[in-house]
Amino acid sequence: MKFEKVTGQIEIKEKLRQSYYNNRLSHSYLFYGIPGTGKLALALAFAQFLSCENKKETDSCGECPSCKKYEKLIHPDLHFVFPVITTSGKKSVSDTYISQWREMVLEDPYFSYNEWMVKLESENKQGSIYSDESAEIIKKLNLKTFESDYKVMIIWLPEKMNNSCANKLLKILEEPPQNTVFILVSDNREDVLPTIKSRTQPVKILGIEEDILKHALIDKYGIDEQRAIDIVNISNGSMLEAKEQISASEENKFNLAQFVSLMRLGYSRKINEALKWADQMSKTGREKQKNFLNYCSVLIRENFVYNYKQTKITYMTKAEEEFASNFARFVNASNVDDLAEIFNQAYYHIERNGNSKIIFTDSAFKIMKVIRK
Ligand SMILES: [Zn+2]
């Protein structure tokens, strides 16, 4: 990854380049700061820059044999350590999961620890850098073969390293073999073991510059400028937070639109439209369907409350309230429980992998029966 592909972080890029040009490279860095600012991307770009055989003044060339291998994350002098899970019959070291790791990083190096756990299909397990990893690290760094001038060991989330692994690494962190650079990338410096912290040079990575983040969001997600500004204002310079804001509001928009369609076709009793709607809904993923059904339950309750003019205790967005101003009168004491039950039932069956097309068709038909009560 070239520096130019890393969003913003102009000052820190310059600092890193200068440390190389002034022969002031540290043998172990600790990049730290909140998630989503591009710390891992910076580590990759810096490592690629160090190894590039044809450096430009401000960036790696992207074309030399070293850069080409770096771009695929397969350079023999580039090593990764990251939290992994325990799987029976497999060694709990990073190499076991290296193909998933490469896939994840190559797709987008801005991801969270949770997203990584999902990638490992391990939402319920905790990732860790286990004791076995230390032997791998020492072995790799002591290999004599160098293809480029530098060996780089990127350790993502050193705060997940257990004590026994850390203790075995103290010596090599303090005195790594020649031309070896450790780059530790931490979301939470406070949780990094003190013995590790004291052997690394801290580099604080601040949030992405606001204006640059704004343009990146417009380019990446195709949102309009005002929305990008709103999101930047609440994202602390974090690409991850911005991404979450965007997907949360996209999901909300989707859910409201589907809810409106469902209520309209329910009221007008249009069988064909109901079938079409159910067909469409059945093509979205299960998680999205479950979120939608939850959303419907909440919105029915909100409309019921709104109908009785206790408007102050509703929690709706502006768009939801606009719809409620016409629709709420159809949600009353004689059908609110039935409506809620329709969504609960649907949720129950979706969660148990029922046929979603049948479930949504059935729900739409039931709504036709109760909405005019
Ligand atoms: Zn190059």
# chains A, B, ... in the order shown; residues from 1 in each chain; ligands from 1

$ residues_around --residues "segment 256-273 of chain A" --least-positions-apart "5" --cutoff "8 Å" --atoms "only C-alpha atoms" --output "count of residues only"
10

$ closest_atom_pairs --of "chain A" --to "ligand 1" --cutoff "6 Å" --atoms "only C-alpha atoms and all ligand atoms" --output "Markdown table"
| residue | atom | partner | partner_atom_place_in_ligand_line | distance |
| --- | --- | --- | --- | --- |
| A:Cys52 | CA | ligand 1 | 1 (Zn) | 3.7 |
| A:Glu53 | CA | ligand 1 | 1 (Zn) | 5.0 |
| A:Asn54 | CA | ligand 1 | 1 (Zn) | 5.0 |
| A:Lys55 | CA | ligand 1 | 1 (Zn) | 5.9 |
| A:Ser60 | CA | ligand 1 | 1 (Zn) | 4.9 |
| A:Cys61 | CA | ligand 1 | 1 (Zn) | 3.9 |
| A:Gly62 | CA | ligand 1 | 1 (Zn) | 4.7 |
| A:Glu63 | CA | ligand 1 | 1 (Zn) | 5.2 |
| A:Cys64 | CA | ligand 1 | 1 (Zn) | 4.1 |
| A:Ser66 | CA | ligand 1 | 1 (Zn) | 5.8 |
| A:Cys67 | CA | ligand 1 | 1 (Zn) | 4.3 |

$ residues_around --residues "segment 215-218 of chain A" --least-positions-apart "2" --cutoff "10 Å" --atoms "only C-alpha atoms" --output "VMD selection string"
chain A and resid 7 to 8 210 to 213 220 to 229 231 to 232 239 242 to 243 246

$ write_last_selection --atoms "C-alpha atoms" --output "PDB file, in the first residue's frame"
ATOM      1  CA  THR A   7      -6.626   8.645   3.814  1.00  0.00           C
ATOM      2  CA  GLY A   8      -5.191  11.904   5.175  1.00  0.00           C
ATOM      3  CA  GLU A 210     -11.901  16.634   8.692  1.00  0.00           C
ATOM      4  CA  ASP A 211     -11.826  17.982   5.178  1.00  0.00           C
ATOM      5  CA  ILE A 212     -10.011  14.934   3.842  1.00  0.00           C
ATOM      6  CA  LEU A 213     -12.380  12.577   5.617  1.00  0.00           C
ATOM      7  CA  LYS A 220     -16.333   6.087  -1.138  1.00  0.00           C
ATOM      8  CA  TYR A 221     -20.021   6.082  -0.261  1.00  0.00           C
ATOM      9  CA  GLY A 222     -21.495   8.510  -2.767  1.00  0.00           C
ATOM     10  CA  ILE A 223     -23.235  10.593  -0.099  1.00  0.00           C
ATOM     11  CA  ASP A 224     -23.916  14.285  -0.588  1.00  0.00           C
ATOM     12  CA  GLU A 225     -21.729  16.986   0.889  1.00  0.00           C
ATOM     13  CA  GLN A 226     -24.035  18.098   3.689  1.00  0.00           C
ATOM     14  CA  ARG A 227     -24.455  14.541   4.910  1.00  0.00           C
ATOM     15  CA  ALA A 228     -20.735  13.997   4.755  1.00  0.00           C
ATOM     16  CA  ILE A 229     -20.208  17.119   6.874  1.00  0.00           C
ATOM     17  CA  ILE A 231     -21.123  12.549   9.680  1.00  0.00           C
ATOM     18  CA  VAL A 232     -17.618  13.972   9.936  1.00  0.00           C
ATOM     19  CA  MET A 239     -13.314   6.119   9.166  1.00  0.00           C
ATOM     20  CA  ALA A 242     -18.201   7.295   9.875  1.00  0.00           C
ATOM     21  CA  LYS A 243     -18.876   3.972   8.186  1.00  0.00           C
ATOM     22  CA  ILE A 246     -23.620   5.738   7.269  1.00  0.00           C
TER      23      ILE A 246
END

$ closest_residue --among "A:Asp187, A:Glu4, A:Asp279, A:Glu174" --to "Lys357 of chain A" --atoms "only C-alpha atoms"
A:Asp279

$ residues_around --residues "Lys283 of chain A" --least-positions-apart "6" --cutoff "12 Å" --atoms "only C-alpha atoms" --output "compact mmCIF listing (two decimals) with N, CA and C atoms, in the first residue's frame"
# COMPACT_ATOMS: atom_id res chain seq x y z
N LYS A 276 -45.34 -9.29 -4.32
CA LYS A 276 -44.12 -8.69 -4.86
C LYS A 276 -43.22 -8.20 -3.72
N TRP A 277 -43.86 -7.57 -2.76
CA TRP A 277 -43.11 -7.04 -1.62
C TRP A 277 -42.41 -8.17 -0.85
N GLN A 289 -33.37 -8.87 7.60
CA GLN A 289 -34.78 -9.16 7.80
C GLN A 289 -35.15 -9.08 9.28
N ASN A 355 -38.81 -20.35 5.71
CA ASN A 355 -38.80 -19.80 4.35
C ASN A 355 -39.26 -18.35 4.39
N SER A 356 -38.35 -17.44 4.09
CA SER A 356 -38.64 -16.03 4.33
C SER A 356 -39.73 -15.49 3.40
N LYS A 357 -39.81 -16.04 2.21
CA LYS A 357 -40.85 -15.56 1.29
C LYS A 357 -42.25 -15.89 1.84
N PHE A 360 -42.91 -13.63 5.00
CA PHE A 360 -43.29 -12.23 4.72
C PHE A 360 -44.65 -12.15 4.03

$ closest_residue --among "A:Ala333, A:Leu339, A:Leu299, A:Leu40" --to "Leu157 of chain A" --atoms "only C-alpha atoms"
A:Leu40

$ residues_around --residues "Asn307 of chain A" --least-positions-apart "6" --cutoff "10 Å" --atoms "only C-alpha atoms" --output "JSON, numbers by chain"
{"A": [301, 324, 325, 326, 327, 328, 329, 330, 331, 332, 333]}

$ closest_residue --among "A:Tyr70, A:Lys13, A:Ser28, A:Leu275" --to "Lys197 of chain A" --atoms "only C-alpha atoms"
A:Ser28

$ residues_around --residues "His349 of chain A" --least-positions-apart "3" --cutoff "12 Å" --atoms "only C-alpha atoms" --output "list in words"
Arg286, Gln289, Lys290, Leu293, Ile342, Phe343, Asn344, Gln345, Ala346, Arg352, Asn353, Gly354, Asn355, Ser356, Lys357, Ile358, Ile359, Phe360, Asp362 and Ser363 of chain A

$ select_by_dssp --residues "segment 167-239 of chain A" --states "helix (DSSP H, G or I)" --output "JSON, numbers by chain"
{"A": [167, 168, 169, 170, 171, 172, 173, 174, 189, 190, 191, 194, 195, 196, 197, 210, 211, 212, 213, 214, 215, 216, 217, 218, 219, 220, 221, 225, 226, 227, 228, 229, 230, 231, 232, 233, 239]}

$ atom_distance --atom1 "atom CA of Ala340 of chain A" --atom2 "atom CA of Gln245 of chain A"
27.9 Å

$ select_by_dssp --residues "segment 14-124 of chain A" --states "strand (DSSP E or B)" --output "VMD selection string"
chain A and resid 28 to 32 78 to 81 84

$ write_last_selection --atoms "N, CA and C atoms" --output "PDB file, in the first residue's frame"
ATOM      1  N   SER A  28      11.464  -0.175  17.061  1.00  0.00           N
ATOM      2  CA  SER A  28      10.092  -0.608  17.373  1.00  0.00           C
ATOM      3  C   SER A  28       9.177   0.577  17.664  1.00  0.00           C
ATOM      4  N   TYR A  29       8.161   0.672  16.843  1.00  0.00           N
ATOM      5  CA  TYR A  29       7.181   1.748  16.983  1.00  0.00           C
ATOM      6  C   TYR A  29       5.912   1.207  17.623  1.00  0.00           C
ATOM      7  N   LEU A  30       5.230   2.101  18.320  1.00  0.00           N
ATOM      8  CA  LEU A  30       3.885   1.784  18.789  1.00  0.00           C
ATOM      9  C   LEU A  30       2.939   2.852  18.245  1.00  0.00           C
ATOM     10  N   PHE A  31       2.267   2.500  17.139  1.00  0.00           N
ATOM     11  CA  PHE A  31       1.254   3.413  16.596  1.00  0.00           C
ATOM     12  C   PHE A  31       0.000   3.241  17.445  1.00  0.00           C
ATOM     13  N   TYR A  32      -0.506   4.325  17.987  1.00  0.00           N
ATOM     14  CA  TYR A  32      -1.713   4.162  18.811  1.00  0.00           C
ATOM     15  C   TYR A  32      -2.689   5.306  18.612  1.00  0.00           C
ATOM     16  N   LEU A  78       8.034  -9.258   5.177  1.00  0.00           N
ATOM     17  CA  LEU A  78       6.916  -8.609   5.869  1.00  0.00           C
ATOM     18  C   LEU A  78       6.172  -9.670   6.677  1.00  0.00           C
ATOM     19  N   HIS A  79       6.073  -9.441   7.978  1.00  0.00           N
ATOM     20  CA  HIS A  79       5.428 -10.435   8.840  1.00  0.00           C
ATOM     21  C   HIS A  79       4.293  -9.804   9.633  1.00  0.00           C
ATOM     22  N   PHE A  80       3.284 -10.612   9.889  1.00  0.00           N
ATOM     23  CA  PHE A  80       2.127 -10.119  10.638  1.00  0.00           C
ATOM     24  C   PHE A  80       1.854 -10.964  11.871  1.00  0.00           C
ATOM     25  N   VAL A  81       1.468 -10.251  12.914  1.00  0.00           N
ATOM     26  CA  VAL A  81       0.937 -10.917  14.096  1.00  0.00           C
ATOM     27  C   VAL A  81      -0.361 -10.213  14.444  1.00  0.00           C
ATOM     28  N   VAL A  84      -5.778 -14.111  17.348  1.00  0.00           N
ATOM     29  CA  VAL A  84      -6.420 -15.262  16.713  1.00  0.00           C
ATOM     30  C   VAL A  84      -7.260 -15.985  17.767  1.00  0.00           C
TER      31      VAL A  84
END
